[in-house]
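Peer 1: So here's model_25.csv (CSV, C-alpha atoms).
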chain,number,residue,atom,x,y,z
A,25,MET,CA,16.4,-43.2,-53.6
A,26,THR,CA,14.0,-41.7,-56.2
A,27,ARG,CA,13.6,-37.9,-56.5
A,28,ARG,CA,10.0,-38.2,-55.1
A,29,SER,CA,11.3,-40.3,-52.1
A,30,TRP,CA,14.1,-37.8,-51.5
A,31,THR,CA,11.6,-34.9,-51.5
A,32,GLY,CA,9.3,-36.7,-49.1
A,33,TRP,CA,12.2,-37.5,-46.7
A,34,ILE,CA,13.2,-33.8,-46.7
A,35,ALA,CA,9.7,-32.7,-46.0
A,36,ARG,CA,9.3,-35.1,-43.1
A,37,LEU,CA,12.6,-34.0,-41.7
A,38,ALA,CA,11.5,-30.4,-41.9
A,39,LEU,CA,8.2,-31.2,-40.1
A,40,ALA,CA,10.1,-33.0,-37.4
A,41,ALA,CA,12.4,-30.0,-36.9
A,42,VAL,CA,9.4,-27.7,-36.6
A,43,ALA,CA,7.8,-30.1,-34.1
A,44,LEU,CA,11.0,-30.3,-32.1
A,45,GLY,CA,11.4,-26.5,-32.1
A,46,GLY,CA,7.8,-26.0,-30.9
A,47,ALA,CA,8.3,-28.6,-28.2
A,48,GLY,CA,11.5,-26.8,-27.1
A,49,ALA,CA,9.7,-23.4,-27.0
A,50,SER,CA,6.9,-24.9,-24.9
A,51,ALA,CA,9.3,-26.6,-22.6
A,52,ALA,CA,11.1,-23.2,-22.1
A,53,GLU,CA,7.9,-21.5,-20.9
A,54,LYS,CA,7.5,-20.8,-17.2
A,55,THR,CA,4.5,-19.9,-15.0
A,56,MET,CA,4.0,-17.2,-12.5
A,57,SER,CA,1.1,-17.1,-10.0
A,58,TRP,CA,-0.2,-14.6,-7.5
A,59,GLU,CA,-3.2,-14.3,-5.1
A,60,SER,CA,-5.6,-11.4,-5.0
A,61,GLY,CA,-9.0,-12.7,-4.0
A,62,CYS,CA,-8.5,-15.4,-6.6
A,63,ARG,CA,-5.4,-17.3,-7.8
A,64,PHE,CA,-4.0,-15.9,-11.1
A,65,THR,CA,-1.5,-17.6,-13.3
A,66,ILE,CA,0.3,-16.6,-16.5
A,67,ARG,CA,2.8,-18.4,-18.8
A,68,PHE,CA,5.8,-16.5,-20.2
A,69,ASP,CA,8.9,-17.2,-22.1
A,70,PRO,CA,12.0,-16.2,-20.0
A,71,ALA,CA,13.9,-15.6,-23.2
A,72,LYS,CA,11.5,-12.8,-24.1
A,73,GLN,CA,10.5,-11.5,-20.7
A,74,ASP,CA,12.9,-11.0,-17.8
A,75,GLU,CA,11.4,-12.9,-14.9
A,76,THR,CA,12.5,-10.4,-12.2
A,77,ARG,CA,11.0,-7.4,-14.1
A,78,LEU,CA,7.8,-9.4,-14.7
A,79,ARG,CA,7.5,-10.3,-11.0
A,80,ASN,CA,8.1,-6.7,-10.0
A,81,THR,CA,5.3,-5.6,-12.4
A,82,VAL,CA,2.9,-8.2,-11.0
A,83,HIS,CA,3.6,-7.0,-7.5
A,84,LEU,CA,3.1,-3.3,-8.6
A,85,LEU,CA,-0.2,-4.0,-10.4
A,86,PHE,CA,-1.7,-6.7,-8.3
A,87,GLY,CA,0.2,-6.9,-5.0
A,88,PRO,CA,1.7,-7.6,-2.6
A,89,SER,CA,3.5,-4.3,-2.8
A,90,ASP,CA,7.3,-4.3,-2.8
A,91,PHE,CA,7.4,-0.9,-1.2
A,92,ASP,CA,5.0,0.5,1.4
A,93,SER,CA,5.1,2.8,4.4
A,94,PRO,CA,5.8,1.0,7.7
A,95,GLY,CA,2.6,2.1,9.5
A,96,THR,CA,2.5,3.2,13.1
A,97,SER,CA,2.2,1.3,16.3
A,98,PRO,CA,-0.9,1.8,18.3
A,99,ALA,CA,-0.4,4.1,21.3
A,100,PHE,CA,-3.3,4.6,23.6
A,101,GLU,CA,-1.5,4.6,26.9
A,102,PRO,CA,1.3,6.8,28.2
A,103,LYS,CA,3.6,3.8,28.4
A,104,ALA,CA,3.0,3.0,24.8
A,105,VAL,CA,3.8,6.5,23.8
A,106,ALA,CA,7.1,6.4,25.7
A,107,ALA,CA,8.0,3.3,23.6
A,108,LEU,CA,7.4,4.9,20.2
A,109,ASP,CA,10.4,5.2,17.9
A,110,PRO,CA,10.0,7.7,15.1
A,111,ASP,CA,13.6,7.1,14.0
A,112,LYS,CA,12.7,3.5,13.2
A,113,ILE,CA,9.8,4.7,11.0
A,114,ASP,CA,12.1,7.1,9.3
A,115,ARG,CA,14.7,4.4,8.5
A,116,ALA,CA,11.9,2.1,7.2
A,117,CYS,CA,10.5,4.9,5.0
A,118,LYS,CA,13.9,5.7,3.5
A,119,ALA,CA,14.5,2.0,2.7
A,120,ALA,CA,11.0,1.7,1.0
A,121,LEU,CA,11.6,4.8,-1.1
A,122,ASP,CA,15.0,3.5,-2.1
A,123,THR,CA,13.4,0.2,-3.2
A,124,ALA,CA,10.7,2.0,-5.1
A,125,ALA,CA,13.3,3.9,-7.1
A,126,ARG,CA,15.4,0.8,-7.9
A,127,LEU,CA,12.8,-1.6,-9.1
A,128,GLU,CA,12.6,-2.4,-12.8
A,129,PHE,CA,9.4,-3.3,-14.7
A,130,ILE,CA,8.4,-4.7,-18.1
A,131,ALA,CA,7.8,-2.2,-20.8
A,132,LEU,CA,4.3,-0.9,-20.4
A,133,PRO,CA,3.4,2.6,-21.6
A,134,GLY,CA,2.7,4.7,-18.5
A,135,ILE,CA,4.2,2.4,-15.9
A,136,ASP,CA,6.9,5.0,-14.9
A,137,ASP,CA,4.1,7.5,-14.4
A,138,TYR,CA,2.3,5.0,-12.2
A,139,ARG,CA,5.5,4.3,-10.2
A,140,ARG,CA,5.9,8.1,-9.6
A,141,ALA,CA,2.3,8.3,-8.4
A,142,ARG,CA,2.8,5.4,-6.0
A,143,VAL,CA,6.1,6.9,-4.8
A,144,ALA,CA,4.3,10.2,-4.1
A,145,GLU,CA,1.7,8.2,-2.0
A,146,LEU,CA,4.5,6.5,-0.2
A,147,LYS,CA,6.2,9.7,0.7
A,148,ASP,CA,3.0,11.3,1.8
A,149,SER,CA,2.1,8.3,4.0
A,150,CYS,CA,5.6,8.4,5.6
A,151,ASP,CA,5.2,12.2,6.3
A,152,PHE,CA,1.9,11.5,7.9
A,153,GLU,CA,3.1,8.6,10.0
A,154,LEU,CA,6.2,10.5,11.2
A,155,ALA,CA,4.2,13.5,12.1
A,156,GLN,CA,1.7,11.4,14.1
A,157,THR,CA,4.4,9.4,15.9
A,158,ARG,CA,6.4,12.5,16.8
A,159,GLY,CA,3.2,14.4,17.7
A,160,PHE,CA,2.5,12.2,20.7
A,161,LYS,CA,5.6,13.6,22.5
A,162,THR,CA,6.0,16.9,20.6
A,163,PRO,CA,2.6,18.2,19.6
A,164,SER,CA,4.0,20.8,17.2
A,165,ALA,CA,5.3,18.0,15.0
A,166,LEU,CA,1.7,17.3,13.9
A,167,ARG,CA,1.9,20.6,12.0
A,168,ASP,CA,4.7,19.2,9.9
A,169,TYR,CA,2.1,17.2,7.9
A,170,GLN,CA,1.0,20.3,5.9
A,171,PRO,CA,-1.8,18.7,3.9
A,172,ALA,CA,-3.7,18.5,7.2
A,173,ALA,CA,-3.5,22.2,8.1
A,174,ALA,CA,-7.3,22.2,8.4
A,175,CYS,CA,-6.9,19.9,11.5
A,176,ALA,CA,-4.9,22.5,13.4
A,177,ARG,CA,-7.7,23.0,16.0
A,178,PHE,CA,-6.7,19.7,17.6
A,179,VAL,CA,-3.1,20.7,17.7
A,180,ASP,CA,-4.0,24.0,19.3
A,181,ALA,CA,-5.9,22.1,22.1
A,182,ILE,CA,-3.1,19.5,22.6
A,183,GLU,CA,-0.5,22.3,22.9
A,184,GLY,CA,-2.7,24.2,25.4
A,185,LYS,CA,-3.4,27.2,23.2
A,186,THR,CA,-7.1,26.5,23.4
A,187,ASP,CA,-9.2,24.6,26.0
A,188,LEU,CA,-7.9,21.0,26.2
A,189,GLN,CA,-10.9,19.6,28.2
A,190,GLN,CA,-13.5,21.3,25.9
A,191,MET,CA,-11.9,19.9,22.7
A,192,PHE,CA,-11.5,16.5,24.4
A,193,ARG,CA,-15.2,16.4,25.4
A,194,GLN,CA,-16.4,17.5,21.9
A,195,THR,CA,-14.3,14.8,20.3
A,196,VAL,CA,-15.4,12.1,22.7
A,197,ASP,CA,-19.1,13.0,22.2
A,198,LYS,CA,-18.6,12.8,18.4
A,199,GLY,CA,-16.7,9.6,18.6
A,200,CYS,CA,-19.1,7.9,20.9
A,201,ALA,CA,-22.2,9.0,19.0
A,202,ASP,CA,-22.3,5.8,16.9
A,203,ASN,CA,-21.4,3.5,19.8
A,204,ALA,CA,-23.9,0.9,20.8
A,205,SER,CA,-24.1,2.6,24.2
A,206,PRO,CA,-23.0,6.3,23.7
A,207,LYS,CA,-23.4,7.2,27.4
A,208,ALA,CA,-21.2,4.3,28.6
A,209,CYS,CA,-18.7,5.1,25.9
A,210,VAL,CA,-18.5,8.8,27.0
A,211,ALA,CA,-18.3,7.8,30.7
A,212,ARG,CA,-15.4,5.4,30.1
A,213,TYR,CA,-13.3,8.2,28.5
A,214,ILE,CA,-14.3,10.8,31.1
A,215,ALA,CA,-13.1,8.3,33.8
A,216,GLU,CA,-9.8,8.0,32.0
A,217,ALA,CA,-9.4,11.8,31.9
A,218,GLN,CA,-9.9,12.0,35.7
A,219,LYS,CA,-6.9,9.8,36.5
A,220,PRO,CA,-3.8,11.5,37.9
A,221,ASP,CA,-2.3,11.5,34.3
A,222,GLY,CA,-5.6,12.6,32.9
A,223,PRO,CA,-4.3,15.6,30.9
A,224,GLU,CA,-1.7,13.3,29.1
A,225,ARG,CA,-4.5,10.8,28.4
A,226,MET,CA,-6.7,13.5,26.9
A,227,ARG,CA,-3.8,14.6,24.7
A,228,ILE,CA,-3.2,11.1,23.5
A,229,TYR,CA,-6.9,10.7,22.8
A,230,LEU,CA,-6.9,13.9,20.7
A,231,VAL,CA,-3.9,12.7,18.7
A,232,ASN,CA,-5.5,9.4,17.9
A,233,PHE,CA,-9.2,10.3,17.5
A,234,GLY,CA,-9.0,14.0,16.8
A,235,TRP,CA,-6.1,14.9,14.7
A,236,THR,CA,-5.5,11.5,13.1
A,237,ASN,CA,-9.1,11.0,12.1
A,238,CYS,CA,-9.1,14.4,10.6
A,239,ALA,CA,-5.7,14.3,8.9
A,240,VAL,CA,-6.2,10.9,7.3
A,241,THR,CA,-8.8,12.3,5.0
A,242,TYR,CA,-6.1,14.5,3.5
A,243,ASN,CA,-3.8,11.5,2.8
A,244,LEU,CA,-2.8,11.3,-0.9
A,245,ARG,CA,-4.0,7.6,-0.8
A,246,ASN,CA,-7.5,9.0,-0.2
A,247,THR,CA,-7.5,12.2,-2.2
A,248,GLY,CA,-5.7,10.7,-5.2
A,249,ALA,CA,-7.2,7.3,-5.1
A,250,THR,CA,-9.4,7.6,-8.1
A,251,LYS,CA,-6.7,8.9,-10.4
A,252,THR,CA,-4.1,6.3,-9.2
A,253,GLU,CA,-6.6,3.4,-9.6
A,254,ALA,CA,-7.4,4.6,-13.2
A,255,MET,CA,-3.7,4.5,-14.0
A,256,ARG,CA,-3.3,1.0,-12.5
A,257,SER,CA,-6.4,-0.3,-14.3
A,258,ALA,CA,-5.1,1.0,-17.7
A,259,LEU,CA,-1.8,-0.8,-17.1
A,260,GLU,CA,-3.7,-4.0,-16.1
A,261,THR,CA,-5.6,-3.9,-19.4
A,262,GLN,CA,-2.3,-3.7,-21.3
A,263,PHE,CA,-0.8,-6.5,-19.2
A,264,ARG,CA,-3.8,-8.8,-20.0
A,265,LYS,CA,-3.2,-8.1,-23.7
A,266,MET,CA,0.4,-9.3,-23.4
A,267,PHE,CA,-0.3,-12.3,-21.2
A,268,LYS,CA,-3.3,-14.7,-21.0
A,269,VAL,CA,-4.3,-14.6,-17.3
A,270,LYS,CA,-5.8,-17.7,-15.9
A,271,GLN,CA,-8.0,-17.3,-12.9
A,272,ASP,CA,-9.1,-20.0,-10.4
A,273,LYS,CA,-9.5,-20.8,-6.8
A,274,CYS,CA,-11.4,-17.7,-5.8
A,275,GLU,CA,-12.3,-17.1,-2.2
A,276,GLU,CA,-15.9,-17.5,-1.3
A,277,ALA,CA,-17.8,-14.3,-0.4
A,278,ASP,CA,-19.0,-14.2,3.2
Here is a file; write its structure as structure tokens.
Peer 2:
Amino acid sequence: MTRRSWTGWIARLALAAVALGGAGASAAEKTMSWESGCRFTIRFDPAKQDETRLRNTVHLLFGPSDFDSPGTSPAFEPKAVAALDPDKIDRACKAALDTAARLEFIALPGIDDYRRARVAELKDSCDFELAQTRGFKTPSALRDYQPAAACARFVDAIEGKTDLQQMFRQTVDKGCADNASPKACVARYIAEAQKPDGPERMRIYLVNFGWTNCAVTYNLRNTGATKTEAMRSALETQFRKMFKVKQDKCEEAD
């Protein structure tokens, strides 16, 4: 073999090795998809990005959340109130907070600050839900949710420190004002209040439509929403610089 032939053979071998190496790298790539109005997909190299951390990050930034407050069961009747289990909510909240503390994410500047903000929202929501659930049976428990101190007038009425019927009627009038038939709406609740267990029904109404409607405006998810979304948006921008996000199959707007 001549020197020129030998050199050419070495060159072809080197090109083949590069081609095989590139094919191997491509074959090693994986995809990850999620739904959020549209279907989004990214490709990543599991040798460079831990798949679990990446999935946790996708859930944190785009959903569905891996940790959230359990929410409260609706209770509009005395029987439903009797079935409420605040201990169940407490256990679910502790489990969610434990999960939030243990999750690991990919390295994005500011992601730990965002986690702390989300954990603060979670704890606040749990405090709210526990106070509300306990408050149906023990009205003073509503005061445990301190951000809603301005809503104490409803607790005062529920506890009997002020006129229950007067606060009930004021709240009903306000709640029914935007109803298609305000008079029929008011009449329906007045009829409920005149039943043998009317005082209990009035207290339940004030927890649901008085204190709750007032207190929810002080939830951290509402008062801190702008700041938290700005943090999430900044992290999404960094994420999209690291990964090419493909978008398709968007839901049609109604």
Peer 1: What is the distance between CA of Phe86 in chain A and CA of Tyr169 in chain A, in Å to one decimal?
Peer 2: 29.1 Å
Peer 1: At what distance in Å, to one decimal, does CA of Val269 in chain A lie from CA of Thr55 in chain A?
Peer 2: 10.5 Å
Peer 1: With 12 Å as the threshold, what does the neighbourhood of (-6.0, 9.0, 5.6) contain in terms of residues, counting all atoms listed in the file? Coordinates are those of the file; answer as a list in words.
Peer 2: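 Output of the proximity query reads Gly95, Glu145, Asp148, Ser149, Cys150, Asp151, Phe152, Glu153, Gln156, Tyr169, Pro171, Ala172, Trp235, Thr236, Asn237, Cys238, Ala239, Val240, Thr241, Tyr242, Asn243, Leu244, Arg245, Asn246, Thr247, Gly248 and Ala249 of chain A.
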Peer 1: What is the distance between CA of Val179 in chain A and CA of Leu166 in chain A, in Å to one decimal?
Peer 2: 7.0 Å
Peer 1: Skipping near chain neighbours, those fewer than 5 positions away, what residues fall within 8 Å of Glu53 in chain A using only C-alpha atoms, listed as a PyMOL selection string?
Peer 2: chain A and resi 67-70
